[in-house]
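What's in upload32.csv: CSV, C-alpha atoms and all ligand atoms
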chain,number,residue,atom,x,y,z
A,102,MET,CA,-27.5,-12.5,-7.5
A,103,LYS,CA,-25.8,-11.1,-4.4
A,104,ILE,CA,-22.1,-10.2,-4.7
A,105,VAL,CA,-20.0,-9.3,-1.7
A,106,ILE,CA,-16.7,-7.5,-2.3
A,107,VAL,CA,-14.1,-7.3,0.4
A,108,GLY,CA,-11.7,-4.3,0.1
A,109,GLY,CA,-12.9,-1.0,-1.4
A,110,VAL,CA,-9.8,0.6,-2.9
A,111,ALA,CA,-8.2,-0.4,-6.3
A,112,GLY,CA,-9.3,-3.9,-7.2
A,113,GLY,CA,-12.5,-3.9,-5.1
A,114,ALA,CA,-13.8,-0.5,-6.3
A,115,SER,CA,-13.0,-1.3,-10.0
A,116,CYS,CA,-14.9,-4.6,-9.6
A,117,ALA,CA,-17.9,-3.0,-8.0
A,118,ALA,CA,-18.2,-0.3,-10.6
A,119,ARG,CA,-17.8,-2.7,-13.5
A,120,LEU,CA,-20.3,-5.1,-12.1
A,121,ARG,CA,-22.9,-2.4,-11.8
A,122,ARG,CA,-22.3,-1.5,-15.5
A,123,LEU,CA,-22.8,-5.1,-16.6
A,124,ASP,CA,-25.7,-6.0,-14.3
A,125,GLU,CA,-28.3,-3.4,-13.3
A,126,ASN,CA,-30.1,-5.9,-11.0
A,127,ALA,CA,-27.2,-7.5,-9.0
A,128,GLU,CA,-27.2,-6.8,-5.3
A,129,ILE,CA,-23.7,-5.5,-4.6
A,130,LEU,CA,-22.2,-5.0,-1.1
A,131,MET,CA,-18.6,-3.6,-0.8
A,132,VAL,CA,-17.0,-3.6,2.6
A,133,GLU,CA,-13.9,-1.7,3.6
A,134,ARG,CA,-12.0,-2.0,6.9
A,135,GLY,CA,-10.7,1.6,6.7
A,136,PRO,CA,-12.6,4.9,6.6
A,137,TYR,CA,-12.3,5.5,2.9
A,138,VAL,CA,-13.0,3.7,-0.4
A,139,SER,CA,-11.5,4.2,-3.8
A,140,TYR,CA,-8.6,6.5,-3.1
A,141,ALA,CA,-5.2,7.0,-4.8
A,142,ASN,CA,-2.6,5.2,-2.7
A,143,CYS,CA,-0.1,6.3,-5.4
A,144,GLY,CA,-0.6,9.9,-4.3
A,145,LEU,CA,0.2,9.4,-0.6
A,146,PRO,CA,3.9,10.2,-0.8
A,147,TYR,CA,3.0,13.4,-2.7
A,148,HIS,CA,0.5,14.4,-0.1
A,149,ILE,CA,3.2,13.9,2.6
A,150,GLY,CA,5.5,16.2,0.5
A,151,GLY,CA,2.8,18.8,0.0
A,152,VAL,CA,2.6,18.4,-3.8
A,153,ILE,CA,-1.0,17.2,-3.4
A,154,GLU,CA,-1.9,19.6,-0.6
A,155,GLU,CA,-5.5,18.6,0.1
A,156,GLU,CA,-6.3,15.2,1.4
A,157,ALA,CA,-9.7,15.3,-0.5
A,158,LYS,CA,-7.8,15.2,-3.8
A,159,LEU,CA,-6.7,11.7,-3.0
A,160,LEU,CA,-10.2,10.4,-2.8
A,161,VAL,CA,-11.3,9.2,-6.3
A,162,ALA,CA,-14.9,8.4,-5.3
A,163,SER,CA,-16.7,8.5,-2.0
A,164,GLU,CA,-19.0,6.1,-0.3
A,165,ARG,CA,-21.9,8.4,-1.3
A,166,THR,CA,-20.9,8.2,-5.0
A,167,PHE,CA,-21.0,4.4,-4.9
A,168,ARG,CA,-24.4,4.5,-3.2
A,169,GLU,CA,-26.1,7.2,-5.2
A,170,GLN,CA,-24.6,6.8,-8.7
A,171,PHE,CA,-24.1,3.0,-8.7
A,172,ALA,CA,-26.6,1.8,-6.2
A,173,ILE,CA,-23.9,-0.2,-4.4
A,174,ASP,CA,-24.2,-0.8,-0.6
A,175,VAL,CA,-20.8,0.4,0.8
A,176,ARG,CA,-19.8,-0.1,4.4
A,177,THR,CA,-16.6,1.5,5.6
A,178,ASN,CA,-15.0,0.7,9.0
A,179,CYS,CA,-16.4,-2.8,8.3
A,180,GLU,CA,-14.0,-5.7,8.4
A,181,ALA,CA,-14.7,-9.1,7.0
A,182,VAL,CA,-13.4,-11.5,9.6
A,183,SER,CA,-14.3,-15.0,8.4
A,184,ILE,CA,-15.9,-16.9,5.5
A,185,ASP,CA,-18.0,-20.0,5.7
A,186,PRO,CA,-17.6,-21.3,2.1
A,187,LYS,CA,-20.1,-24.2,2.6
A,188,ALA,CA,-22.9,-22.0,3.9
A,189,LYS,CA,-21.7,-19.2,1.5
A,190,THR,CA,-21.8,-16.6,4.3
A,191,ILE,CA,-19.2,-14.0,5.5
A,192,ASP,CA,-18.9,-12.5,8.9
A,193,LEU,CA,-18.5,-8.7,9.0
A,194,ARG,CA,-17.4,-6.8,12.0
A,195,ASP,CA,-18.2,-3.1,12.6
A,196,VAL,CA,-14.8,-1.7,13.5
A,197,VAL,CA,-16.3,1.0,15.7
A,198,THR,CA,-18.8,-1.1,17.7
A,199,GLY,CA,-17.4,-4.5,17.4
A,200,ASP,CA,-20.8,-5.9,16.3
A,201,ILE,CA,-20.7,-8.9,13.9
A,202,VAL,CA,-23.3,-9.6,11.2
A,203,LYS,CA,-23.4,-12.6,8.9
A,204,GLU,CA,-24.1,-11.8,5.2
A,205,PRO,CA,-25.0,-14.4,2.6
A,206,TYR,CA,-23.4,-14.3,-0.8
A,207,ASP,CA,-23.7,-15.9,-4.2
A,208,LYS,CA,-20.3,-14.7,-5.3
A,209,LEU,CA,-17.6,-13.3,-3.2
A,210,VAL,CA,-14.7,-11.1,-4.4
A,211,LEU,CA,-11.6,-10.7,-2.2
A,212,SER,CA,-9.4,-7.6,-2.8
A,213,PRO,CA,-7.8,-7.2,0.6
A,214,GLY,CA,-4.5,-5.9,-0.8
A,215,ALA,CA,-1.1,-6.3,0.9
A,216,LYS,CA,0.3,-5.7,4.3
A,217,SER,CA,3.5,-3.7,4.9
A,218,ILE,CA,6.5,-5.8,6.0
A,219,ARG,CA,7.3,-4.7,9.6
A,220,PRO,CA,10.1,-6.8,11.1
A,221,PRO,CA,10.1,-7.0,14.9
A,222,LEU,CA,13.1,-4.7,15.3
A,223,PRO,CA,13.8,-3.1,18.7
A,224,GLY,CA,12.0,0.2,18.9
A,225,ILE,CA,10.0,-0.1,15.7
A,226,ASP,CA,6.8,1.0,17.5
A,227,LEU,CA,8.3,4.2,18.9
A,228,PRO,CA,6.4,7.5,18.2
A,229,GLY,CA,7.7,9.1,15.0
A,230,ILE,CA,8.2,5.9,13.1
A,231,PHE,CA,5.6,5.5,10.3
A,232,GLU,CA,4.7,3.4,7.3
A,233,VAL,CA,3.0,4.9,4.2
A,234,ARG,CA,0.0,2.7,3.2
A,235,THR,CA,-3.3,4.5,3.9
A,236,VAL,CA,-4.8,8.0,4.0
A,237,PRO,CA,-4.7,7.9,7.8
A,238,ASP,CA,-1.0,7.0,7.7
A,239,ALA,CA,-0.2,10.0,5.5
A,240,ARG,CA,-2.3,12.2,7.8
A,241,MET,CA,-0.4,11.1,10.9
A,242,ILE,CA,2.9,11.7,9.2
A,243,ARG,CA,1.9,15.3,8.1
A,244,GLU,CA,0.6,16.0,11.6
A,245,TRP,CA,3.8,14.7,13.1
A,246,ILE,CA,5.9,16.8,10.8
A,247,GLU,CA,3.8,20.0,11.2
A,248,ARG,CA,3.3,19.8,15.0
A,249,GLY,CA,6.0,17.7,16.4
A,250,THR,CA,9.2,18.9,14.8
A,251,ALA,CA,9.8,22.2,16.7
A,252,TYR,CA,9.9,20.1,19.8
A,253,LEU,CA,11.9,17.3,18.3
A,254,THR,CA,14.6,19.6,16.9
A,255,GLY,CA,14.9,21.3,20.3
A,256,MET,CA,13.4,24.6,19.0
A,257,ASN,CA,11.3,24.8,22.2
A,258,SER,CA,14.4,25.4,24.2
A,259,TYR,CA,16.1,27.7,21.8
A,260,SER,CA,16.7,31.3,22.8
A,261,GLY,CA,15.3,34.2,20.8
A,262,ILE,CA,18.8,35.1,19.7
A,263,GLN,CA,19.1,31.9,17.7
A,264,MET,CA,17.4,32.7,14.3
A,265,MET,CA,18.3,29.7,12.3
A,266,ARG,CA,16.0,26.8,12.5
A,267,PRO,CA,17.9,23.5,12.5
A,268,LYS,CA,17.3,21.3,9.4
A,269,LEU,CA,14.8,18.6,10.0
A,270,ARG,CA,16.1,15.1,9.6
A,271,ALA,CA,14.3,12.1,8.1
A,272,VAL,CA,15.5,8.5,7.7
A,273,VAL,CA,13.7,6.4,5.2
A,274,VAL,CA,14.3,2.6,5.5
A,275,GLY,CA,14.0,0.7,2.2
A,276,GLY,CA,14.9,1.7,-1.3
A,277,GLY,CA,11.9,0.4,-3.2
A,278,PHE,CA,9.6,2.8,-5.0
A,279,ILE,CA,7.4,3.7,-2.0
A,280,GLY,CA,10.6,4.5,0.1
A,281,LEU,CA,12.1,6.5,-2.8
A,282,GLU,CA,9.0,8.5,-3.6
A,283,THR,CA,8.5,9.3,0.1
A,284,ALA,CA,12.2,10.2,0.5
A,285,GLU,CA,12.0,12.5,-2.6
A,286,ASN,CA,9.0,14.2,-1.1
A,287,LEU,CA,10.7,14.7,2.3
A,288,VAL,CA,13.6,16.4,0.4
A,289,HIS,CA,11.1,18.7,-1.2
A,290,ARG,CA,9.8,19.5,2.3
A,291,GLY,CA,13.2,20.6,3.3
A,292,PHE,CA,14.3,17.6,5.2
A,293,GLU,CA,17.8,16.2,5.3
A,294,VAL,CA,17.0,12.7,4.1
A,295,THR,CA,19.1,9.6,4.6
A,296,LEU,CA,17.9,6.5,2.8
A,297,VAL,CA,19.0,3.2,4.5
A,298,GLU,CA,18.9,0.1,2.3
A,299,MET,CA,20.2,-3.3,3.1
A,300,SER,CA,21.1,-4.3,-0.5
A,301,ASP,CA,23.9,-2.5,-2.4
A,302,GLN,CA,21.5,-0.6,-4.6
A,303,VAL,CA,18.2,1.2,-4.7
A,304,MET,CA,15.3,-0.2,-6.7
A,305,GLY,CA,16.0,-3.9,-6.4
A,306,PRO,CA,14.6,-5.0,-9.9
A,307,LEU,CA,17.0,-2.7,-11.8
A,308,ASP,CA,20.3,-3.9,-13.2
A,309,PRO,CA,23.1,-2.7,-10.9
A,310,GLU,CA,24.6,-0.3,-13.5
A,311,PHE,CA,21.3,1.5,-13.9
A,312,ALA,CA,20.7,1.5,-10.2
A,313,ARG,CA,24.0,3.2,-9.8
A,314,LEU,CA,22.8,6.0,-12.1
A,315,VAL,CA,19.6,6.4,-10.1
A,316,GLY,CA,21.7,6.5,-6.9
A,317,GLY,CA,23.9,9.2,-8.3
A,318,HIS,CA,20.8,11.2,-9.4
A,319,LEU,CA,19.4,11.0,-5.9
A,320,GLU,CA,22.6,12.1,-4.3
A,321,LEU,CA,22.9,15.0,-6.7
A,322,ASN,CA,19.4,16.1,-5.5
A,323,GLY,CA,20.5,16.1,-1.9
A,324,MET,CA,19.6,12.6,-0.6
A,325,LYS,CA,22.2,10.7,1.4
A,326,LEU,CA,22.4,7.0,0.7
A,327,ALA,CA,23.4,4.4,3.2
A,328,LEU,CA,23.5,1.3,1.0
A,329,GLY,CA,24.5,-2.3,2.0
A,330,ASP,CA,23.6,-1.7,5.6
A,331,GLY,CA,20.5,-3.1,7.3
A,332,VAL,CA,18.6,-1.5,10.2
A,333,ALA,CA,19.3,-3.1,13.6
A,334,GLY,CA,16.9,-1.0,15.7
A,335,PHE,CA,15.5,2.4,16.7
A,336,ARG,CA,16.1,4.4,19.8
A,337,GLN,CA,14.4,7.5,21.3
A,338,LEU,CA,16.8,10.1,22.6
A,339,GLU,CA,16.2,12.2,25.7
A,340,ASN,CA,15.1,15.2,23.6
A,341,GLY,CA,12.4,13.1,22.0
A,342,SER,CA,14.1,12.7,18.6
A,343,LEU,CA,15.1,9.3,17.2
A,344,GLU,CA,18.2,7.4,16.2
A,345,VAL,CA,18.3,4.6,13.6
A,346,ASP,CA,21.0,2.1,14.4
A,347,THR,CA,22.4,0.0,11.6
A,348,GLN,CA,24.0,-3.5,11.5
A,349,SER,CA,27.4,-1.9,10.7
A,350,GLY,CA,27.3,0.0,13.9
A,351,LYS,CA,26.3,3.4,12.5
A,352,ALA,CA,23.6,5.6,14.0
A,353,TYR,CA,21.5,8.1,12.0
A,354,PRO,CA,19.6,10.8,13.9
A,355,ALA,CA,16.0,11.5,12.8
A,356,ASP,CA,13.0,13.6,13.6
A,357,VAL,CA,10.8,11.3,11.5
A,358,VAL,CA,11.4,7.7,10.3
A,359,ILE,CA,9.6,6.0,7.4
A,360,VAL,CA,9.7,2.3,7.2
A,361,ALA,CA,9.1,1.1,3.6
A,362,LEU,CA,10.4,-2.5,3.5
A,363,GLY,CA,8.0,-3.8,1.0
A,364,VAL,CA,4.7,-5.6,1.2
A,365,LYS,CA,3.3,-9.2,1.4
A,366,PRO,CA,-0.1,-10.4,0.3
A,367,ASP,CA,-2.9,-10.2,2.9
A,368,THR,CA,-4.2,-13.7,3.0
A,369,ASP,CA,-5.7,-13.7,6.5
A,370,LEU,CA,-9.3,-13.8,5.3
A,371,ALA,CA,-8.6,-16.3,2.5
A,372,LYS,CA,-7.2,-18.7,5.0
A,373,THR,CA,-10.5,-18.8,7.0
A,374,ALA,CA,-12.1,-20.2,3.8
A,375,ASP,CA,-9.2,-22.6,3.3
A,376,LEU,CA,-8.4,-21.2,-0.1
A,377,GLU,CA,-5.3,-22.4,-1.9
A,378,ILE,CA,-2.3,-20.2,-1.1
A,379,GLY,CA,0.7,-20.4,-3.5
A,380,GLU,CA,4.4,-20.8,-2.7
A,381,ARG,CA,5.0,-17.1,-3.0
A,382,GLY,CA,2.4,-16.5,-0.3
A,383,GLY,CA,-0.4,-15.1,-2.5
A,384,ILE,CA,-3.9,-16.4,-3.1
A,385,ARG,CA,-3.9,-18.7,-6.2
A,386,THR,CA,-6.4,-17.9,-8.9
A,387,ASP,CA,-7.0,-19.1,-12.4
A,388,ASP,CA,-6.9,-16.7,-15.4
A,389,GLN,CA,-10.5,-15.7,-14.6
A,390,MET,CA,-9.6,-14.7,-11.0
A,391,ARG,CA,-11.4,-17.7,-9.6
A,392,THR,CA,-9.8,-19.1,-6.4
A,393,SER,CA,-9.8,-22.8,-5.4
A,394,ASP,CA,-13.5,-22.2,-4.5
A,395,PRO,CA,-15.4,-21.5,-7.7
A,396,ASP,CA,-17.7,-19.0,-6.0
A,397,ILE,CA,-14.9,-16.9,-4.5
A,398,PHE,CA,-12.8,-14.6,-6.7
A,399,ALA,CA,-9.6,-12.8,-5.7
A,400,VAL,CA,-7.8,-9.9,-7.2
A,401,GLY,CA,-5.0,-7.3,-6.7
A,402,ASP,CA,-2.0,-7.4,-4.5
A,403,ALA,CA,-3.3,-10.4,-2.5
A,404,ILE,CA,-2.9,-12.8,-5.4
A,405,GLU,CA,-0.2,-14.6,-7.3
A,406,VAL,CA,-0.1,-13.9,-11.0
A,407,ARG,CA,1.6,-15.7,-13.9
A,408,ASP,CA,4.6,-13.9,-15.5
A,409,PHE,CA,3.8,-14.2,-19.1
A,410,MET,CA,7.3,-14.7,-20.3
A,411,THR,CA,8.4,-17.4,-17.8
A,412,ASP,CA,4.9,-18.7,-16.9
A,413,GLU,CA,6.1,-18.7,-13.3
A,414,TRP,CA,4.0,-17.5,-10.4
A,415,SER,CA,4.9,-14.0,-9.2
A,416,LEU,CA,3.7,-11.2,-6.9
A,417,ILE,CA,3.1,-7.8,-8.5
A,418,ALA,CA,1.8,-5.1,-6.1
A,419,LEU,CA,0.7,-2.5,-8.6
A,420,ALA,CA,-2.5,-0.6,-9.2
A,421,GLY,CA,-2.8,-1.4,-13.0
A,422,PRO,CA,-3.0,-5.1,-12.6
A,423,ALA,CA,-5.3,-4.8,-9.5
A,424,ASN,CA,-7.8,-2.7,-11.5
A,425,ARG,CA,-7.6,-5.1,-14.4
A,426,HIS,CA,-8.2,-8.1,-12.2
A,427,GLY,CA,-11.2,-6.4,-10.6
A,428,ARG,CA,-12.8,-5.8,-14.0
A,429,ILE,CA,-12.1,-9.3,-15.2
A,430,ALA,CA,-13.7,-10.8,-12.0
A,431,ALA,CA,-16.8,-8.6,-12.6
A,432,ASP,CA,-16.9,-9.7,-16.3
A,433,VAL,CA,-16.7,-13.4,-15.3
A,434,ILE,CA,-19.4,-13.1,-12.6
A,435,ALA,CA,-21.6,-11.3,-15.2
A,436,GLY,CA,-21.1,-14.3,-17.6
A,437,ARG,CA,-18.4,-12.9,-19.9
A,438,ASP,CA,-15.3,-14.9,-21.0
A,439,SER,CA,-12.6,-12.4,-19.9
A,440,ARG,CA,-9.2,-13.7,-19.0
A,441,PHE,CA,-6.0,-12.2,-17.4
A,442,ARG,CA,-3.1,-12.8,-19.7
A,443,GLY,CA,-0.4,-12.5,-17.0
A,444,THR,CA,2.0,-9.7,-16.3
A,445,GLN,CA,5.5,-8.6,-17.2
A,446,GLY,CA,5.8,-6.3,-14.2
A,447,THR,CA,6.3,-3.0,-16.1
A,448,SER,CA,7.0,-0.2,-13.7
A,449,ILE,CA,7.8,3.5,-14.1
A,450,CYS,CA,8.8,5.8,-11.3
A,451,GLY,CA,9.5,9.5,-11.4
A,452,LEU,CA,12.3,10.8,-9.1
A,453,PHE,CA,13.5,14.5,-9.2
A,454,ASP,CA,12.6,15.2,-12.8
A,455,ALA,CA,13.9,11.8,-14.1
A,456,ALA,CA,11.8,8.8,-14.9
A,457,VAL,CA,13.1,5.3,-14.2
A,458,ALA,CA,11.4,2.4,-15.9
A,459,TRP,CA,11.8,-1.4,-16.2
A,460,THR,CA,10.0,-4.2,-17.7
A,461,GLY,CA,10.3,-8.0,-18.2
A,462,ILE,CA,12.3,-10.5,-16.2
A,463,SER,CA,14.2,-8.9,-13.3
B,1,LIG,C1,2.3,4.7,-0.9
B,1,LIG,C2,1.9,3.8,-2.0
B,1,LIG,C3,2.2,4.3,-3.3
B,1,LIG,C4,1.9,3.5,-4.4
B,1,LIG,N1,2.2,3.9,-5.7
B,1,LIG,C5,1.8,3.2,-6.7
B,1,LIG,C6,2.1,3.7,-8.0
B,1,LIG,O1,2.6,4.8,-8.2
B,1,LIG,N2,1.7,2.9,-9.1
B,1,LIG,C7,1.1,1.7,-8.9
B,1,LIG,O2,0.8,1.0,-9.9
B,1,LIG,N3,0.9,1.2,-7.7
B,1,LIG,C8,1.2,1.9,-6.6
B,1,LIG,N4,0.9,1.5,-5.4
B,1,LIG,C9,0.4,0.1,-5.2
B,1,LIG,C10,-1.1,0.1,-5.5
B,1,LIG,O3,-1.7,1.1,-4.6
B,1,LIG,C11,-1.7,-1.3,-5.1
B,1,LIG,O4,-1.0,-2.2,-6.0
B,1,LIG,C12,-3.2,-1.4,-5.3
B,1,LIG,O5,-3.8,-0.4,-4.5
B,1,LIG,C13,-3.6,-2.8,-5.0
B,1,LIG,O6,-5.0,-2.9,-5.0
B,1,LIG,P1,-5.8,-3.9,-4.1
B,1,LIG,O7,-7.2,-3.7,-4.4
B,1,LIG,O8,-5.2,-5.2,-4.2
B,1,LIG,O9,-5.4,-3.4,-2.6
B,1,LIG,P2,-5.7,-2.0,-1.9
B,1,LIG,O10,-5.9,-1.0,-2.9
B,1,LIG,O11,-4.6,-1.9,-1.0
B,1,LIG,O12,-7.0,-2.2,-1.2
B,1,LIG,C14,-7.2,-3.2,-0.2
B,1,LIG,C15,-8.2,-2.7,0.8
B,1,LIG,O13,-8.8,-3.8,1.4
B,1,LIG,C16,-9.1,-3.5,2.8
B,1,LIG,N5,-9.1,-4.7,3.5
B,1,LIG,C17,-8.2,-5.6,3.7
B,1,LIG,N6,-8.7,-6.7,4.4
B,1,LIG,C18,-10.0,-6.4,4.7
B,1,LIG,C19,-11.0,-7.1,5.4
B,1,LIG,N7,-10.8,-8.3,5.9
B,1,LIG,N8,-12.2,-6.5,5.5
B,1,LIG,C20,-12.4,-5.3,4.9
B,1,LIG,N9,-11.5,-4.6,4.2
B,1,LIG,C21,-10.3,-5.2,4.1
B,1,LIG,C22,-7.9,-2.6,3.2
B,1,LIG,O14,-8.2,-1.8,4.2
B,1,LIG,C23,-7.6,-1.9,1.9
B,1,LIG,O15,-8.2,-0.6,1.9
B,1,LIG,C24,1.2,2.2,-4.2
B,1,LIG,C25,0.9,1.8,-2.9
B,1,LIG,C26,1.2,2.6,-1.9
B,1,LIG,C27,0.9,2.1,-0.5
Show how you would write the structure in this file as structure tokens.
Ligand SMILES: Cc1cc2nc3c(=O)[nH]c(=O)nc-3n(C[C@H](O)[C@H](O)[C@H](O)COP(=O)(O)OP(=O)(O)OC[C@H]3O[C@@H](n4cnc5c(N)ncnc54)[C@H](O)[C@@H]3O)c2cc1C
Amino acid sequence: MKIVIVGGVAGGASCAARLRRLDENAEILMVERGPYVSYANCGLPYHIGGVIEEEAKLLVASERTFREQFAIDVRTNCEAVSIDPKAKTIDLRDVVTGDIVKEPYDKLVLSPGAKSIRPPLPGIDLPGIFEVRTVPDARMIREWIERGTAYLTGMNSYSGIQMMRPKLRAVVVGGGFIGLETAENLVHRGFEVTLVEMSDQVMGPLDPEFARLVGGHLELNGMKLALGDGVAGFRQLENGSLEVDTQSGKAYPADVVIVALGVKPDTDLAKTADLEIGERGGIRTDDQMRTSDPDIFAVGDAIEVRDFMTDEWSLIALAGPANRHGRIAADVIAGRDSRFRGTQGTSICGLFDAAVAWTGIS
């Protein structure tokens, strides 16, 4: 049996490793659009902050580990571009050369994850504005901070008499957990951080009274909060630094801007196979991770899952469920009767020596 897995990070890598444990003879091909497989996205904010200093510490397993220890054919820089469900083939494009090859499959597993929400705001593509999603994103942010800031803060034109380096300024847009963790890490790096959030509170799923406690804790630790104010656009000033303009007419100066406005399921590939997409925008699967095509499975951030209290469809972009889905898909492909029992969206986030957690209906 030949199994092709699209996406080589949380759900995809878990699925590949479990499949090999269950079936020594299966032919397994895992393709990943980016340069790395099986890395810890969760560590990216901490790598930006320098808590995890070495990039290599983010990489859980390499392409070589999968090849040599699991006999899995791994192709990085390889993007799946379309699926022909009738012929049971998938087209794979080499990101470097642009060459396309067609691969047949008996079972296909989609774990393409989610895309960052990036609204078409004026100036959003200016240099110095980043998102935190992949290892290359974190590397770019670190390089920008390490190389670019002396220029951006005007240090290049300072006289030798001026001894004090001006404090670097960061604006983080979005008060969800990726925005908050990145903001915390930039505070650790010595930045003056302003967090701009459209709603009246940080951490949307929290009850307002708890969110207020979290907000107070962030401020006590040196973060500035600009709540209830959406971003209207970004501008580059003459000295190269940035300004974040908000809907209320305020302007926040910045040497670096992080946009963390949440994610949405990546369903581009699923749509080429005409798979059912739910009302929340994720790929629909049954409790065995099977999509509307019985030979195609989908897992992770790209799918809709049942909330096990309300039985309603929901989107949960977290690593725990993604890994679990990956293992269930592998079990089912290998003939086991595993099922996903749904989710209650439990999350825990550490911020400046405090832990914030929630679970259940929010
Ligand atoms: C900065 C950050 C911090 C996070 N922190 C936490 C945390 O603390 N706790 C937690 O539980 N979760 C956290 N998450 C979320 C967690 O990382 C995701 O929920 C999890 O990785 C989802 O797994 P996945 O397999 O669905 O997608 P991903 O792990 O994102 O993997 C999808 C992969 O598929 C590849 N891909 C997409 N389309 C194609 C294609 N057509 N062809 C080939 N490859 C393709 C992508 O390049 C990507 O590498 C964090 C995420 C980020 C970005």
Practice prompt. Do a neighbour search on stretch 221-234 of chain A at 9 Å with only C-alpha atoms, toss out local chain neighbours closer than 5 positions, and write the hits as JSON, numbers by chain.
Written response: {"A": [142, 145, 146, 216, 239, 241, 242, 245, 246, 249, 279, 280, 283, 332, 333, 334, 335, 336, 337, 342, 343, 355, 356, 357, 358, 359, 360, 361]}
Give as a PDB file with C-alpha atoms, in the coordinates of the input the residues surrounding ligand LIG 1 (chain B) up to a distance of 6 Å, considering only C-alpha atoms and all ligand atoms.
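Listing of selection32.pdb after writing:
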ATOM      1  CA  VAL A 107     -14.100  -7.300   0.400  1.00  0.00           C
ATOM      2  CA  GLY A 108     -11.700  -4.300   0.100  1.00  0.00           C
ATOM      3  CA  GLY A 109     -12.900  -1.000  -1.400  1.00  0.00           C
ATOM      4  CA  VAL A 110      -9.800   0.600  -2.900  1.00  0.00           C
ATOM      5  CA  ALA A 111      -8.200  -0.400  -6.300  1.00  0.00           C
ATOM      6  CA  GLY A 112      -9.300  -3.900  -7.200  1.00  0.00           C
ATOM      7  CA  GLY A 113     -12.500  -3.900  -5.100  1.00  0.00           C
ATOM      8  CA  VAL A 132     -17.000  -3.600   2.600  1.00  0.00           C
ATOM      9  CA  GLU A 133     -13.900  -1.700   3.600  1.00  0.00           C
ATOM     10  CA  ARG A 134     -12.000  -2.000   6.900  1.00  0.00           C
ATOM     11  CA  GLY A 135     -10.700   1.600   6.700  1.00  0.00           C
ATOM     12  CA  ASN A 142      -2.600   5.200  -2.700  1.00  0.00           C
ATOM     13  CA  CYS A 143      -0.100   6.300  -5.400  1.00  0.00           C
ATOM     14  CA  LEU A 145       0.200   9.400  -0.600  1.00  0.00           C
ATOM     15  CA  PRO A 146       3.900  10.200  -0.800  1.00  0.00           C
ATOM     16  CA  CYS A 179     -16.400  -2.800   8.300  1.00  0.00           C
ATOM     17  CA  GLU A 180     -14.000  -5.700   8.400  1.00  0.00           C
ATOM     18  CA  ALA A 181     -14.700  -9.100   7.000  1.00  0.00           C
ATOM     19  CA  VAL A 182     -13.400 -11.500   9.600  1.00  0.00           C
ATOM     20  CA  SER A 212      -9.400  -7.600  -2.800  1.00  0.00           C
ATOM     21  CA  PRO A 213      -7.800  -7.200   0.600  1.00  0.00           C
ATOM     22  CA  GLY A 214      -4.500  -5.900  -0.800  1.00  0.00           C
ATOM     23  CA  ALA A 215      -1.100  -6.300   0.900  1.00  0.00           C
ATOM     24  CA  VAL A 233       3.000   4.900   4.200  1.00  0.00           C
ATOM     25  CA  ARG A 234       0.000   2.700   3.200  1.00  0.00           C
ATOM     26  CA  ILE A 279       7.400   3.700  -2.000  1.00  0.00           C
ATOM     27  CA  LEU A 370      -9.300 -13.800   5.300  1.00  0.00           C
ATOM     28  CA  GLY A 401      -5.000  -7.300  -6.700  1.00  0.00           C
ATOM     29  CA  ASP A 402      -2.000  -7.400  -4.500  1.00  0.00           C
ATOM     30  CA  ALA A 403      -3.300 -10.400  -2.500  1.00  0.00           C
ATOM     31  CA  ALA A 418       1.800  -5.100  -6.100  1.00  0.00           C
ATOM     32  CA  LEU A 419       0.700  -2.500  -8.600  1.00  0.00           C
ATOM     33  CA  ALA A 420      -2.500  -0.600  -9.200  1.00  0.00           C
ATOM     34  CA  GLY A 421      -2.800  -1.400 -13.000  1.00  0.00           C
ATOM     35  CA  ALA A 423      -5.300  -4.800  -9.500  1.00  0.00           C
TER      36      ALA A 423
END
Fill in: Separation of atom CA of A:Glu204 from atom CA of A:Asp394, in Å and rounded to one decimal
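Atom CA of A:Glu204 sits 17.7 Å away from atom CA of A:Asp394.
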Discussion item. Considering only C-alpha atoms, can you say which of A:Arg243, A:Arg381, A:Arg407, A:Lys325 comes closest to A:Glu156?
Written reply: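 When distances to A:Glu156 are compared using only C-alpha atoms, the smallest one comes from A:Arg243.
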Practice prompt. Provide the atom CA of A:Lys189 to atom CA of A:Val210 distance in Å, to one decimal place.
Written response: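 Here the two named atoms are 12.2 Å from each other.
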Discussion item. If I take atom CA of A:Glu344 and atom CA of A:Arg270, how far is one from the other in Å, to one decimal?
Written reply: 10.4 Å
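Residues surrounding A:Ser163 within 8 Å are Tyr137, Val138, Ser139 and Phe167 of chain A [all atoms listed in the file; sequence separation below 4 positions excluded].
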